[in-house]
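Visitor: Okay, here's the structure, questions in a sec.
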Amino acid sequence: MALKPEPTAPFHSVQYVLRVLETVSKHGGGVTDVQIARETGLPTGHLASMLVMLRREGYVEQVADGAYVIGDSLFLLGSGATRKEALEAKLQETLTQLRDSVGAAVYISRYIDGEVKITQFADGPRTPRVNEWVDFRSAAHASAVGKCLLTQLDVNGRRDHLSRHKITRLTSRTITSERLLFSKLDAQPPTVPVLDLQEYAVGTVCAAVPLTAGSAVGCLALSLPIEHAHRLRSAADALNRKAAPVVLSLAI
């Protein structure tokens with residue numbers, strides 16, 4: 001599977017967060033934010049917001065003298081045989097919080113062995129998940145999830161996918177031209193959520209943002225009933241802002 005080159009990462013990217021965690025882990029007795037900034041080279045403003053997020057997610061803790069030590073979440077995710085279960089539990093907890101925060105069903109999707117797969121989701125009575133009336137594996141050209149994953153592949157990777165899953169019209173809004181689809185994928189800014197405005201299913205709108213963790217291709221997505229379509233862009237922007245903990249869990 002061929003991937004597109006990864007865009008230049010901003011300071012809040014997972015690489016910098018991992019650098020902070022490595023620094024904290026190296027100092028078993030605790031380390032101050034001043035020392036973390038010195039060893040990582042991060043500006044204090046960026047570091048402060050990272051530490052807030054890491055404390056909230058349980059990856060670091062602040063002890064009595066103000067120093068930082070590794071937290072319970074990091075212990076669990078590094079615990080060998082139980083890592084998979086701990087990761088799934090941590091991701092599910094994060095998804096549930098996201099669901100309640102953005103007021104929509106939320107999903108993690110990965111591109112695994114050439115297929116679109118929803119690996120975890122969080123929904124509820126007030127935030128129903130999308131009705132999978134057509135298998136997501138066959139609808140990458142129409143769904144926000146699928147399009148977001150396809151943006152992370154190069155042209156050959158996309159063509160390979162569509163050679164196995166032909167473009168078909170699912171609604172009147174579905175793009176059925178490979179040329180037009182690729183043009184829209186190429187024009188999609190990496191920092192802007194991918195939208196599905198009833199292209200996959202009438203009555204549902206969706207948004208997805210990429211999850212870049214190493215070479216893995218993934219995305220974080222949400223869906224809303226059409227009567228809540230006016231909230232889609234604000235919910236998508238909120239999802240984008242809150243994606244860091246999910247990326248971090250996948251990267252550790």
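In the structure tokens, each chain is lettered A, B, ... as it comes, each chain's residues begin at 1, and ligands are numbered from 1 in order of appearance.
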Determine, counting only C-alpha atoms, which protein, DNA and RNA residues have an atom within 6 Å of an atom of region 62-68 of chain A; residues of the same chain fewer than 2 positions away are not included. Present the result as a tab-separated table (two decimals) with N, CA, C and O atoms, in the first residue's frame.

Guide:
chain	number	residue	atom	x	y	z
A	30	GLY	N	10.68	12.29	38.77
A	30	GLY	CA	9.93	13.49	38.44
A	30	GLY	C	10.80	14.52	37.74
A	30	GLY	O	12.02	14.56	37.94
A	31	VAL	N	10.17	15.34	36.91
A	31	VAL	CA	10.90	16.36	36.16
A	31	VAL	C	10.01	17.59	36.02
A	31	VAL	O	8.80	17.48	35.82
A	32	THR	N	10.61	18.77	36.14
A	32	THR	CA	9.85	20.01	36.06
A	32	THR	C	9.56	20.38	34.62
A	32	THR	O	10.23	19.91	33.69

Visitor: List the spatial neighbours of Lys184 (chain A) as an MDAnalysis selection string - criterion: any atom at most 12 Å away, only C-alpha atoms, same-chain residues fewer than 4 positions off excluded.

Guide: chainID A and resid 141:142 147:148 150:151 175 177:180 188:189 194:195

Visitor: So which bits of region 11-155 of chain A end up strand (DSSP E) when you DSSP the backbone, as an MDAnalysis selection string?

Guide: chainID A and resid 60:62 68:70 105:112 115:122

Visitor: Can you tell me how far CA of Gly203 (chain A) sits from CA of Ile226 (chain A), in Å to one decimal?

Guide: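 Atom-to-atom, CA of Gly203 (chain A) to CA of Ile226 (chain A), that is 4.8 Å.
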
Visitor: Excluding region 111-123 of chain A and any residue of its chain fewer than 4 positions from it, enumerate the residues within 10 Å of it, using only C-alpha atoms, and give them as a ChimeraX atom specification.

Guide: /A:1,88,91-100,103-107,127-130,135-140,145-146,149-150,152-153,157-158,160-161,164-165,216-223
